[in-house]
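Containing mmCIF, N, CA and C atoms: start38.cif.
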```
data_query
loop_
_atom_site.label_atom_id
_atom_site.label_comp_id
_atom_site.auth_asym_id
_atom_site.auth_seq_id
_atom_site.Cartn_x
_atom_site.Cartn_y
_atom_site.Cartn_z
N MET A 342 3.13 -1.76 10.94
CA MET A 342 3.14 -1.03 9.70
C MET A 342 4.59 -0.80 9.31
N ILE A 343 4.86 -0.65 8.06
CA ILE A 343 6.20 -0.36 7.59
C ILE A 343 6.20 1.09 7.12
N VAL A 344 7.06 1.89 7.69
CA VAL A 344 7.16 3.31 7.34
C VAL A 344 8.61 3.58 7.01
N ARG A 345 8.88 3.91 5.76
CA ARG A 345 10.25 4.13 5.29
C ARG A 345 11.13 2.98 5.74
N GLY A 346 10.63 1.77 5.55
CA GLY A 346 11.40 0.60 5.93
C GLY A 346 11.39 0.32 7.41
N ILE A 347 10.50 0.94 8.16
CA ILE A 347 10.48 0.73 9.61
C ILE A 347 9.14 0.14 10.02
N PHE A 348 9.20 -0.97 10.75
CA PHE A 348 7.98 -1.51 11.33
C PHE A 348 7.78 -0.74 12.62
N CYS A 349 6.70 0.01 12.70
CA CYS A 349 6.48 0.88 13.86
C CYS A 349 5.23 0.47 14.60
N MET A 350 5.34 0.55 15.87
CA MET A 350 4.17 0.51 16.71
C MET A 350 4.25 1.83 17.47
N MET A 351 3.30 2.13 18.29
CA MET A 351 3.36 3.39 19.01
C MET A 351 4.63 3.43 19.87
N PRO A 352 5.24 4.59 20.04
CA PRO A 352 6.47 4.67 20.81
C PRO A 352 6.26 4.20 22.25
N GLU A 353 7.36 3.75 22.86
CA GLU A 353 7.27 3.27 24.24
C GLU A 353 6.66 4.37 25.11
N ASN A 354 5.68 3.99 25.88
CA ASN A 354 4.94 4.95 26.67
C ASN A 354 4.53 4.26 27.97
N LYS A 355 4.68 4.92 29.10
CA LYS A 355 4.37 4.31 30.39
C LYS A 355 2.88 4.02 30.54
N LYS A 356 2.03 4.62 29.71
CA LYS A 356 0.59 4.36 29.77
C LYS A 356 0.25 2.96 29.26
N PHE A 357 1.10 2.41 28.37
CA PHE A 357 0.83 1.11 27.79
C PHE A 357 1.19 0.00 28.77
N LYS A 358 0.44 -1.08 28.75
CA LYS A 358 0.68 -2.19 29.66
C LYS A 358 1.89 -3.02 29.23
N LYS A 359 2.18 -3.06 27.93
CA LYS A 359 3.30 -3.85 27.41
C LYS A 359 4.31 -2.95 26.74
N LYS A 360 5.57 -3.38 26.77
CA LYS A 360 6.63 -2.64 26.09
C LYS A 360 6.37 -2.70 24.58
N VAL A 361 6.56 -1.60 23.89
CA VAL A 361 6.33 -1.52 22.46
C VAL A 361 7.69 -1.46 21.76
N THR A 362 7.81 -2.18 20.64
CA THR A 362 9.08 -2.22 19.92
C THR A 362 8.92 -1.69 18.51
N ALA A 363 10.05 -1.33 17.91
CA ALA A 363 10.06 -0.88 16.51
C ALA A 363 11.22 -1.58 15.82
N ILE A 364 10.98 -1.99 14.58
CA ILE A 364 11.98 -2.69 13.78
C ILE A 364 12.16 -1.95 12.48
N SER A 365 13.41 -1.68 12.11
CA SER A 365 13.73 -1.05 10.84
C SER A 365 14.19 -2.14 9.88
N ILE A 366 13.63 -2.13 8.67
CA ILE A 366 14.08 -3.06 7.63
C ILE A 366 14.53 -2.22 6.45
N LEU A 367 15.83 -2.14 6.27
CA LEU A 367 16.39 -1.40 5.15
C LEU A 367 17.07 -2.41 4.24
N ASP A 368 16.63 -2.45 3.00
CA ASP A 368 17.15 -3.43 2.06
C ASP A 368 17.19 -2.81 0.68
N GLU A 369 17.33 -3.65 -0.32
CA GLU A 369 17.54 -3.21 -1.70
C GLU A 369 16.38 -2.39 -2.27
N TYR A 370 15.14 -2.84 -2.02
CA TYR A 370 13.98 -2.17 -2.59
C TYR A 370 13.50 -1.08 -1.64
N LEU A 371 13.20 0.09 -2.17
CA LEU A 371 12.82 1.21 -1.33
C LEU A 371 11.33 1.25 -1.02
N GLU A 372 10.52 0.63 -1.84
CA GLU A 372 9.08 0.69 -1.64
C GLU A 372 8.71 -0.17 -0.43
N HIS A 373 7.65 0.20 0.25
CA HIS A 373 7.26 -0.50 1.45
C HIS A 373 5.74 -0.41 1.65
N ALA A 374 5.25 -1.29 2.50
CA ALA A 374 3.82 -1.35 2.76
C ALA A 374 3.36 -0.15 3.57
N ARG A 375 2.14 0.22 3.35
CA ARG A 375 1.48 1.25 4.15
C ARG A 375 0.21 0.62 4.69
N VAL A 376 0.41 -0.27 5.63
CA VAL A 376 -0.68 -1.07 6.18
C VAL A 376 -0.75 -0.82 7.68
N PHE A 377 -1.95 -0.65 8.18
CA PHE A 377 -2.16 -0.43 9.60
C PHE A 377 -3.12 -1.50 10.11
N ILE A 378 -2.74 -2.14 11.19
CA ILE A 378 -3.61 -3.15 11.80
C ILE A 378 -3.84 -2.74 13.25
N PHE A 379 -5.11 -2.59 13.61
CA PHE A 379 -5.49 -2.21 14.95
C PHE A 379 -6.25 -3.38 15.58
N HIS A 380 -5.93 -3.68 16.82
CA HIS A 380 -6.60 -4.79 17.51
C HIS A 380 -8.04 -4.45 17.82
N ASN A 381 -8.32 -3.23 18.23
CA ASN A 381 -9.68 -2.72 18.45
C ASN A 381 -10.49 -3.64 19.38
N GLN A 382 -9.92 -3.98 20.53
CA GLN A 382 -10.57 -4.83 21.53
C GLN A 382 -11.07 -6.15 20.94
N GLY A 383 -10.24 -6.76 20.10
CA GLY A 383 -10.58 -8.04 19.51
C GLY A 383 -11.31 -7.96 18.19
N LYS A 384 -11.75 -6.77 17.80
CA LYS A 384 -12.42 -6.59 16.51
C LYS A 384 -11.42 -5.94 15.57
N GLU A 385 -10.55 -6.76 15.02
CA GLU A 385 -9.43 -6.28 14.22
C GLU A 385 -9.87 -5.40 13.04
N LYS A 386 -9.13 -4.31 12.85
CA LYS A 386 -9.36 -3.39 11.74
C LYS A 386 -8.06 -3.29 10.95
N VAL A 387 -8.14 -3.41 9.63
CA VAL A 387 -6.98 -3.32 8.75
C VAL A 387 -7.23 -2.18 7.76
N TYR A 388 -6.22 -1.32 7.61
CA TYR A 388 -6.30 -0.18 6.71
C TYR A 388 -5.08 -0.15 5.79
N ILE A 389 -5.26 0.42 4.62
CA ILE A 389 -4.14 0.74 3.74
C ILE A 389 -4.13 2.25 3.56
N SER A 390 -2.95 2.78 3.24
CA SER A 390 -2.80 4.22 3.14
C SER A 390 -1.97 4.57 1.92
N SER A 391 -2.12 5.80 1.46
CA SER A 391 -1.37 6.24 0.29
C SER A 391 -0.02 6.83 0.64
N ALA A 392 0.25 7.08 1.92
CA ALA A 392 1.51 7.76 2.24
C ALA A 392 2.04 7.36 3.60
N ASP A 393 3.33 7.64 3.78
CA ASP A 393 3.92 7.54 5.11
C ASP A 393 3.27 8.60 5.98
N TRP A 394 3.11 8.31 7.23
CA TRP A 394 2.51 9.29 8.12
C TRP A 394 3.61 10.19 8.67
N MET A 395 4.04 11.12 7.83
CA MET A 395 5.07 12.08 8.18
C MET A 395 4.49 13.47 7.96
N VAL A 396 5.04 14.45 8.67
CA VAL A 396 4.52 15.82 8.59
C VAL A 396 4.46 16.29 7.14
N ARG A 397 5.52 16.07 6.38
CA ARG A 397 5.53 16.58 5.01
C ARG A 397 4.43 15.98 4.16
N ASN A 398 4.00 14.76 4.48
CA ASN A 398 2.93 14.12 3.72
C ASN A 398 1.55 14.50 4.23
N LEU A 399 1.39 14.54 5.52
CA LEU A 399 0.07 14.79 6.08
C LEU A 399 -0.32 16.26 6.09
N ASP A 400 0.65 17.15 6.24
CA ASP A 400 0.33 18.58 6.31
C ASP A 400 0.40 19.30 4.97
N HIS A 401 1.08 18.71 4.00
CA HIS A 401 1.31 19.43 2.74
C HIS A 401 0.78 18.70 1.51
N ARG A 402 0.11 17.60 1.69
CA ARG A 402 -0.43 16.83 0.56
C ARG A 402 -1.80 16.30 0.91
N VAL A 403 -2.49 15.85 -0.09
CA VAL A 403 -3.75 15.16 0.14
C VAL A 403 -3.44 13.67 0.11
N GLU A 404 -3.69 13.01 1.21
CA GLU A 404 -3.43 11.58 1.32
C GLU A 404 -4.72 10.89 1.75
N ALA A 405 -4.77 9.61 1.55
CA ALA A 405 -5.99 8.86 1.89
C ALA A 405 -5.64 7.57 2.59
N THR A 406 -6.57 7.12 3.40
CA THR A 406 -6.48 5.79 4.00
C THR A 406 -7.89 5.20 3.92
N CYS A 407 -7.94 3.89 3.83
CA CYS A 407 -9.25 3.25 3.75
C CYS A 407 -9.18 1.87 4.39
N PRO A 408 -10.32 1.39 4.88
CA PRO A 408 -10.33 0.06 5.47
C PRO A 408 -10.24 -1.02 4.40
N VAL A 409 -9.65 -2.13 4.76
CA VAL A 409 -9.61 -3.30 3.88
C VAL A 409 -10.72 -4.22 4.38
N LEU A 410 -11.75 -4.38 3.56
CA LEU A 410 -12.93 -5.13 3.98
C LEU A 410 -12.91 -6.59 3.53
N ASP A 411 -12.23 -6.88 2.44
CA ASP A 411 -12.19 -8.24 1.90
C ASP A 411 -11.32 -9.13 2.81
N PRO A 412 -11.90 -10.20 3.37
CA PRO A 412 -11.14 -11.07 4.29
C PRO A 412 -9.90 -11.71 3.64
N LYS A 413 -9.97 -12.03 2.36
CA LYS A 413 -8.81 -12.64 1.69
C LYS A 413 -7.66 -11.63 1.57
N ILE A 414 -7.99 -10.39 1.26
CA ILE A 414 -6.95 -9.36 1.14
C ILE A 414 -6.37 -9.04 2.52
N ARG A 415 -7.23 -8.97 3.53
CA ARG A 415 -6.73 -8.74 4.90
C ARG A 415 -5.76 -9.85 5.30
N LYS A 416 -6.13 -11.09 4.98
CA LYS A 416 -5.27 -12.24 5.32
C LYS A 416 -3.93 -12.13 4.61
N GLU A 417 -3.93 -11.77 3.33
CA GLU A 417 -2.69 -11.65 2.58
C GLU A 417 -1.81 -10.53 3.14
N LEU A 418 -2.40 -9.40 3.47
CA LEU A 418 -1.62 -8.30 4.05
C LEU A 418 -0.99 -8.71 5.37
N LYS A 419 -1.75 -9.43 6.20
CA LYS A 419 -1.21 -9.89 7.48
C LYS A 419 -0.09 -10.90 7.27
N GLU A 420 -0.21 -11.76 6.27
CA GLU A 420 0.85 -12.73 5.98
C GLU A 420 2.13 -12.00 5.54
N ILE A 421 1.99 -10.97 4.74
CA ILE A 421 3.16 -10.19 4.30
C ILE A 421 3.80 -9.48 5.49
N LEU A 422 2.99 -8.91 6.37
CA LEU A 422 3.55 -8.26 7.57
C LEU A 422 4.24 -9.28 8.47
N ASP A 423 3.69 -10.49 8.57
CA ASP A 423 4.33 -11.54 9.36
C ASP A 423 5.71 -11.89 8.78
N ILE A 424 5.80 -11.92 7.47
CA ILE A 424 7.09 -12.18 6.82
C ILE A 424 8.07 -11.08 7.20
N GLN A 425 7.62 -9.82 7.13
CA GLN A 425 8.51 -8.71 7.48
C GLN A 425 8.96 -8.80 8.94
N LEU A 426 8.06 -9.16 9.82
CA LEU A 426 8.42 -9.26 11.24
C LEU A 426 9.36 -10.42 11.52
N SER A 427 9.40 -11.41 10.64
CA SER A 427 10.30 -12.55 10.84
C SER A 427 11.69 -12.31 10.27
N ASP A 428 11.88 -11.16 9.59
CA ASP A 428 13.19 -10.83 9.00
C ASP A 428 14.26 -10.85 10.09
N ASN A 429 15.35 -11.59 9.84
CA ASN A 429 16.47 -11.60 10.78
C ASN A 429 17.80 -11.40 10.06
N MET A 430 17.73 -10.81 8.86
CA MET A 430 18.95 -10.50 8.12
C MET A 430 19.12 -9.00 7.90
N LYS A 431 18.05 -8.30 7.59
CA LYS A 431 18.13 -6.85 7.32
C LYS A 431 17.40 -6.02 8.38
N ALA A 432 16.72 -6.68 9.29
CA ALA A 432 15.95 -5.97 10.32
C ALA A 432 16.84 -5.57 11.48
N ARG A 433 16.55 -4.39 12.03
CA ARG A 433 17.27 -3.89 13.21
C ARG A 433 16.25 -3.49 14.26
N TRP A 434 16.56 -3.78 15.52
CA TRP A 434 15.74 -3.31 16.62
C TRP A 434 16.07 -1.84 16.85
N LEU A 435 15.09 -0.99 16.84
CA LEU A 435 15.30 0.42 17.12
C LEU A 435 15.15 0.64 18.61
N ASP A 436 16.04 1.46 19.16
CA ASP A 436 15.93 1.76 20.59
C ASP A 436 16.21 3.23 20.86
N ASN A 437 15.94 3.64 22.07
CA ASN A 437 16.12 5.04 22.45
C ASN A 437 17.57 5.47 22.50
N HIS A 438 18.49 4.50 22.54
CA HIS A 438 19.92 4.81 22.61
C HIS A 438 20.57 4.81 21.23
N LEU A 439 19.77 4.63 20.18
CA LEU A 439 20.22 4.62 18.79
C LEU A 439 21.28 3.55 18.50
N GLN A 440 21.21 2.44 19.23
CA GLN A 440 22.13 1.33 18.95
C GLN A 440 21.70 0.62 17.68
N ASN A 441 20.40 0.44 17.49
CA ASN A 441 19.82 -0.16 16.29
C ASN A 441 20.56 -1.43 15.87
N LEU A 442 20.62 -2.38 16.78
CA LEU A 442 21.32 -3.64 16.54
C LEU A 442 20.51 -4.53 15.62
N TYR A 443 21.23 -5.30 14.78
CA TYR A 443 20.54 -6.23 13.89
C TYR A 443 19.77 -7.24 14.71
N LYS A 444 18.60 -7.59 14.22
CA LYS A 444 17.74 -8.58 14.85
C LYS A 444 18.27 -9.95 14.45
N LYS A 445 18.91 -10.64 15.35
CA LYS A 445 19.49 -11.96 15.06
C LYS A 445 18.80 -12.99 15.92
N ASP A 446 18.57 -14.15 15.37
CA ASP A 446 18.09 -15.28 16.15
C ASP A 446 18.62 -16.55 15.51
N GLN A 447 18.37 -17.64 16.17
CA GLN A 447 18.94 -18.92 15.72
C GLN A 447 18.07 -19.65 14.70
N SER A 448 16.93 -19.10 14.36
CA SER A 448 16.06 -19.77 13.39
C SER A 448 16.64 -19.62 11.98
N ARG A 449 15.96 -20.19 11.02
CA ARG A 449 16.46 -20.08 9.64
C ARG A 449 16.53 -18.61 9.24
N LYS A 450 17.47 -18.30 8.35
CA LYS A 450 17.65 -16.92 7.92
C LYS A 450 16.47 -16.48 7.06
N VAL A 451 15.94 -15.29 7.36
CA VAL A 451 14.81 -14.74 6.63
C VAL A 451 15.18 -13.32 6.20
N ARG A 452 15.23 -13.11 4.90
CA ARG A 452 15.39 -11.78 4.32
C ARG A 452 14.02 -11.44 3.73
N SER A 453 13.28 -10.58 4.39
CA SER A 453 11.86 -10.40 4.10
C SER A 453 11.58 -10.00 2.66
N GLN A 454 12.41 -9.17 2.05
CA GLN A 454 12.12 -8.78 0.66
C GLN A 454 12.18 -9.98 -0.28
N ILE A 455 13.12 -10.87 -0.05
CA ILE A 455 13.21 -12.08 -0.88
C ILE A 455 12.03 -13.00 -0.59
N GLU A 456 11.71 -13.16 0.69
CA GLU A 456 10.60 -14.03 1.09
C GLU A 456 9.26 -13.51 0.54
N ILE A 457 9.05 -12.19 0.57
CA ILE A 457 7.80 -11.62 0.04
C ILE A 457 7.73 -11.82 -1.47
N TYR A 458 8.85 -11.62 -2.15
CA TYR A 458 8.88 -11.87 -3.60
C TYR A 458 8.48 -13.31 -3.88
N GLN A 459 9.05 -14.26 -3.16
CA GLN A 459 8.73 -15.67 -3.38
C GLN A 459 7.27 -15.97 -3.04
N TYR A 460 6.77 -15.38 -1.98
CA TYR A 460 5.39 -15.54 -1.56
C TYR A 460 4.43 -15.07 -2.67
N LEU A 461 4.68 -13.86 -3.19
CA LEU A 461 3.81 -13.31 -4.23
C LEU A 461 3.99 -14.04 -5.56
N ASN A 462 5.21 -14.41 -5.89
CA ASN A 462 5.47 -15.14 -7.13
C ASN A 462 4.75 -16.49 -7.12
N GLN A 463 4.76 -17.16 -6.00
CA GLN A 463 4.06 -18.45 -5.88
C GLN A 463 2.56 -18.25 -6.09
N LYS A 464 2.02 -17.15 -5.59
CA LYS A 464 0.59 -16.88 -5.75
C LYS A 464 0.22 -16.63 -7.22
N ILE A 465 1.05 -15.88 -7.96
CA ILE A 465 0.68 -15.57 -9.34
C ILE A 465 0.97 -16.73 -10.28
N ASN A 466 1.82 -17.64 -9.89
CA ASN A 466 2.14 -18.77 -10.76
C ASN A 466 1.22 -19.97 -10.55
N LYS A 467 0.27 -19.84 -9.63
CA LYS A 467 -0.75 -20.88 -9.47
C LYS A 467 -1.73 -20.76 -10.62
N PRO A 468 -2.29 -21.85 -11.08
CA PRO A 468 -3.32 -21.74 -12.13
C PRO A 468 -4.51 -20.93 -11.61
N ALA A 469 -4.99 -20.04 -12.43
CA ALA A 469 -6.12 -19.20 -12.04
C ALA A 469 -7.39 -20.02 -11.96
N VAL A 470 -8.20 -19.73 -10.97
CA VAL A 470 -9.50 -20.36 -10.84
C VAL A 470 -10.52 -19.34 -11.31
N ILE A 471 -11.23 -19.67 -12.39
CA ILE A 471 -12.21 -18.75 -12.96
C ILE A 471 -13.58 -19.12 -12.42
N PRO A 472 -14.23 -18.19 -11.75
CA PRO A 472 -15.58 -18.46 -11.24
C PRO A 472 -16.52 -18.83 -12.38
N GLU A 473 -17.42 -19.75 -12.10
CA GLU A 473 -18.37 -20.20 -13.12
C GLU A 473 -19.29 -19.09 -13.58
N SER A 474 -19.50 -18.09 -12.75
CA SER A 474 -20.42 -17.02 -13.10
C SER A 474 -19.85 -16.07 -14.16
N LEU A 475 -18.53 -16.11 -14.40
CA LEU A 475 -17.94 -15.23 -15.40
C LEU A 475 -18.01 -15.88 -16.78
N PRO A 476 -18.48 -15.16 -17.79
CA PRO A 476 -18.53 -15.74 -19.14
C PRO A 476 -17.11 -15.81 -19.71
N LEU A 477 -16.81 -16.90 -20.36
CA LEU A 477 -15.51 -17.04 -21.00
C LEU A 477 -15.55 -16.43 -22.39
N VAL A 478 -14.49 -15.77 -22.79
CA VAL A 478 -14.39 -15.16 -24.11
C VAL A 478 -13.29 -15.88 -24.86
N LYS A 479 -13.59 -16.33 -26.06
CA LYS A 479 -12.58 -17.00 -26.87
C LYS A 479 -11.55 -15.98 -27.32
N PRO A 480 -10.28 -16.37 -27.46
CA PRO A 480 -9.23 -15.43 -27.85
C PRO A 480 -9.50 -14.68 -29.15
N THR A 481 -10.29 -15.28 -30.07
CA THR A 481 -10.56 -14.63 -31.35
C THR A 481 -11.71 -13.64 -31.28
N GLU A 482 -12.48 -13.67 -30.21
CA GLU A 482 -13.62 -12.76 -30.07
C GLU A 482 -13.15 -11.41 -29.57
N SER A 483 -13.83 -10.36 -30.00
CA SER A 483 -13.53 -9.04 -29.45
C SER A 483 -14.50 -8.76 -28.30
N VAL A 484 -14.01 -8.02 -27.37
CA VAL A 484 -14.82 -7.69 -26.20
C VAL A 484 -15.06 -6.19 -26.20
N PRO A 485 -16.33 -5.76 -26.10
CA PRO A 485 -16.59 -4.31 -26.07
C PRO A 485 -16.00 -3.69 -24.80
N ILE A 486 -15.44 -2.51 -24.95
CA ILE A 486 -14.83 -1.83 -23.80
C ILE A 486 -15.77 -0.78 -23.29
#
```
Is it possible to express this structure as C-alpha cells?
Amino acid sequence: MIVRGIFCMMPENKKFKKKVTAISILDEYLEHARVFIFHNQGKEKVYISSADWMVRNLDHRVEATCPVLDPKIRKELKEILDIQLSDNMKARWLDNHLQNLYKKDQSRKVRSQIEIYQYLNQKINKPAVIPESLPLVKPTESVPI
C-alpha cells in the first residue's frame, strides 16, 4: 500500500517468518494510492480506502474501506502497485536506522509516477469497446436524464 508516498507492509516483527520491508516514494505528485492487498492464505483480498491509516484520520474522521470485487479492477490496481514497487529513481528503502537510502539497481530506470501516467494514458487512448448490449445514441438525439 502507498501511505503518504510510502509503500508499507507490517513493521519488522520477530513473529513473521520473513523480513518485512518498507519503501518511500516521494516525488512531484502528492496524491497516492490507498490500496491494501492481503494474501489471506492464497485467497487474495484487495481493498481500497478513503484515507491514510493515521491516527488523525481514523480517530477524528469518518473514513471507509471496501473490497474490490471486479477482477479487472483488481488486476489494474495490482499492476499500478507493481509499477510503484519497481521504482528505482525516487524510491528509498526505509530502515530502523533512518538511513533511507535510495533504492538503486542495475535495471532500466523506473520513475513510478511517470510510468503510471504512461500506463493510464495508454489505457485511455485505446479505442473504446462498446458492448453490444448497450444502445447507441446518435449525437443529435437527446438522452433523458
Original post:
List as a PyMOL selection string: which residues have an atom within 10 Å of (2.9, -7.2, 5.0), counting only C-alpha atoms?
Top reply: chain A and resi 342-343+348+373-377+415-426+453+457
Original post:
What does the distance between CA of Asp368 in chain A and CA of Lys445 in chain A come to in Å, to one decimal place?
Top reply: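 One can read the CA of Asp368 in chain A to CA of Lys445 in chain A distance as 15.7 Å.
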Subject >> Shell of 8 Å around Val409 in chain A, all atoms listed in the file, local chain residues under 2 positions omitted, as a list in words >> reply: Lys386, Val387, Tyr388, Ile389, Thr406, Cys407, Asp411, Pro412, Ile414 and Arg415 of chain A
Subject >> atom C of Ala405 in chain A to CA of Leu371 in chain A, distance in Å rounded to a single decimal >> reply: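 Those two atoms sit 19.9 Å apart.
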**OP:** Could you give me the residues within range 415-465 of chain A that DSSP places in strand (DSSP E), as a list in words?
**Re:** Ala432, Arg433, Trp434 and Leu435 of chain A
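The gap separating CA of Tyr460 in chain A from CA of Met430 in chain A is 17.4 Å, in Å to one decimal.
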**OP:** Quick one: everything within 8 Å of Asn429 in chain A, counting all atoms listed in the file, minus sequence neighbours fewer than 5 positions away in the same chain. Send it as a list in words.
**Re:**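 Surrounding residues, per the criterion: Ile424, Tyr443, Lys444, Lys445, Asp446, Arg449, Lys450, Val451, Arg452 and Ser453 of chain A.
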Mind working out the centre and edge lengths of an axis-aligned box for range 441-446 of chain A, all listed atoms inside, 8 Å added to each side, rounded to one decimal in Å and written as JSON?
```
{"center_x": 19.5, "center_y": -8.1, "center_z": 15.7, "size_x": 19.6, "size_y": 33.0, "size_z": 19.6}
```
Subject >> All helix (DSSP H, G or I) positions in range 354-475 of chain A, as a PyMOL selection string >> reply: chain A and resi 396-399+412-426+453-465
Repair of range 374-390 of chain A at the level of N, CA, C and O atoms, as a PDB file, keeping the file's coordinate frame:
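Wrote result30.pdb, looks like this:
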```pdb
ATOM      1  N   ALA A 374       5.250  -1.290   2.500  1.00  0.00           N
ATOM      2  CA  ALA A 374       3.820  -1.350   2.760  1.00  0.00           C
ATOM      3  C   ALA A 374       3.360  -0.150   3.570  1.00  0.00           C
ATOM      4  O   ALA A 374       4.107   0.397   4.361  1.00  0.00           O
ATOM      5  N   ARG A 375       2.140   0.220   3.350  1.00  0.00           N
ATOM      6  CA  ARG A 375       1.480   1.250   4.150  1.00  0.00           C
ATOM      7  C   ARG A 375       0.210   0.620   4.690  1.00  0.00           C
ATOM      8  O   ARG A 375      -0.893   0.880   4.225  1.00  0.00           O
ATOM      9  N   VAL A 376       0.410  -0.270   5.630  1.00  0.00           N
ATOM     10  CA  VAL A 376      -0.680  -1.070   6.180  1.00  0.00           C
ATOM     11  C   VAL A 376      -0.750  -0.820   7.680  1.00  0.00           C
ATOM     12  O   VAL A 376       0.279  -0.766   8.356  1.00  0.00           O
ATOM     13  N   PHE A 377      -1.950  -0.650   8.180  1.00  0.00           N
ATOM     14  CA  PHE A 377      -2.160  -0.430   9.600  1.00  0.00           C
ATOM     15  C   PHE A 377      -3.120  -1.500  10.110  1.00  0.00           C
ATOM     16  O   PHE A 377      -4.174  -1.713   9.515  1.00  0.00           O
ATOM     17  N   ILE A 378      -2.740  -2.140  11.190  1.00  0.00           N
ATOM     18  CA  ILE A 378      -3.610  -3.150  11.800  1.00  0.00           C
ATOM     19  C   ILE A 378      -3.840  -2.740  13.250  1.00  0.00           C
ATOM     20  O   ILE A 378      -2.893  -2.565  14.005  1.00  0.00           O
ATOM     21  N   PHE A 379      -5.110  -2.590  13.610  1.00  0.00           N
ATOM     22  CA  PHE A 379      -5.490  -2.210  14.950  1.00  0.00           C
ATOM     23  C   PHE A 379      -6.250  -3.380  15.580  1.00  0.00           C
ATOM     24  O   PHE A 379      -7.133  -3.961  14.951  1.00  0.00           O
ATOM     25  N   HIS A 380      -5.930  -3.680  16.820  1.00  0.00           N
ATOM     26  CA  HIS A 380      -6.600  -4.790  17.510  1.00  0.00           C
ATOM     27  C   HIS A 380      -8.040  -4.450  17.820  1.00  0.00           C
ATOM     28  O   HIS A 380      -8.934  -5.286  17.680  1.00  0.00           O
ATOM     29  N   ASN A 381      -8.320  -3.230  18.230  1.00  0.00           N
ATOM     30  CA  ASN A 381      -9.680  -2.720  18.450  1.00  0.00           C
ATOM     31  C   ASN A 381     -10.490  -3.640  19.380  1.00  0.00           C
ATOM     32  O   ASN A 381     -11.601  -4.048  19.052  1.00  0.00           O
ATOM     33  N   GLN A 382      -9.920  -3.980  20.530  1.00  0.00           N
ATOM     34  CA  GLN A 382     -10.570  -4.830  21.530  1.00  0.00           C
ATOM     35  C   GLN A 382     -11.070  -6.150  20.940  1.00  0.00           C
ATOM     36  O   GLN A 382     -12.176  -6.583  21.189  1.00  0.00           O
ATOM     37  N   GLY A 383     -10.240  -6.760  20.100  1.00  0.00           N
ATOM     38  CA  GLY A 383     -10.580  -8.040  19.510  1.00  0.00           C
ATOM     39  C   GLY A 383     -11.310  -7.960  18.190  1.00  0.00           C
ATOM     40  O   GLY A 383     -11.498  -8.960  17.516  1.00  0.00           O
ATOM     41  N   LYS A 384     -11.750  -6.770  17.800  1.00  0.00           N
ATOM     42  CA  LYS A 384     -12.420  -6.590  16.510  1.00  0.00           C
ATOM     43  C   LYS A 384     -11.420  -5.940  15.570  1.00  0.00           C
ATOM     44  O   LYS A 384     -11.432  -4.725  15.347  1.00  0.00           O
ATOM     45  N   GLU A 385     -10.550  -6.760  15.020  1.00  0.00           N
ATOM     46  CA  GLU A 385      -9.430  -6.280  14.220  1.00  0.00           C
ATOM     47  C   GLU A 385      -9.870  -5.400  13.040  1.00  0.00           C
ATOM     48  O   GLU A 385     -10.831  -5.701  12.359  1.00  0.00           O
ATOM     49  N   LYS A 386      -9.130  -4.310  12.850  1.00  0.00           N
ATOM     50  CA  LYS A 386      -9.360  -3.390  11.740  1.00  0.00           C
ATOM     51  C   LYS A 386      -8.060  -3.290  10.950  1.00  0.00           C
ATOM     52  O   LYS A 386      -6.992  -3.092  11.526  1.00  0.00           O
ATOM     53  N   VAL A 387      -8.140  -3.410   9.630  1.00  0.00           N
ATOM     54  CA  VAL A 387      -6.980  -3.320   8.750  1.00  0.00           C
ATOM     55  C   VAL A 387      -7.230  -2.180   7.760  1.00  0.00           C
ATOM     56  O   VAL A 387      -8.293  -2.092   7.166  1.00  0.00           O
ATOM     57  N   TYR A 388      -6.220  -1.320   7.610  1.00  0.00           N
ATOM     58  CA  TYR A 388      -6.300  -0.180   6.710  1.00  0.00           C
ATOM     59  C   TYR A 388      -5.080  -0.150   5.790  1.00  0.00           C
ATOM     60  O   TYR A 388      -4.009  -0.612   6.167  1.00  0.00           O
ATOM     61  N   ILE A 389      -5.260   0.420   4.620  1.00  0.00           N
ATOM     62  CA  ILE A 389      -4.140   0.740   3.740  1.00  0.00           C
ATOM     63  C   ILE A 389      -4.130   2.250   3.560  1.00  0.00           C
ATOM     64  O   ILE A 389      -5.160   2.908   3.693  1.00  0.00           O
ATOM     65  N   SER A 390      -2.950   2.780   3.240  1.00  0.00           N
ATOM     66  CA  SER A 390      -2.800   4.220   3.140  1.00  0.00           C
ATOM     67  C   SER A 390      -1.970   4.570   1.920  1.00  0.00           C
ATOM     68  O   SER A 390      -1.177   3.755   1.444  1.00  0.00           O
TER      69      SER A 390
END
```
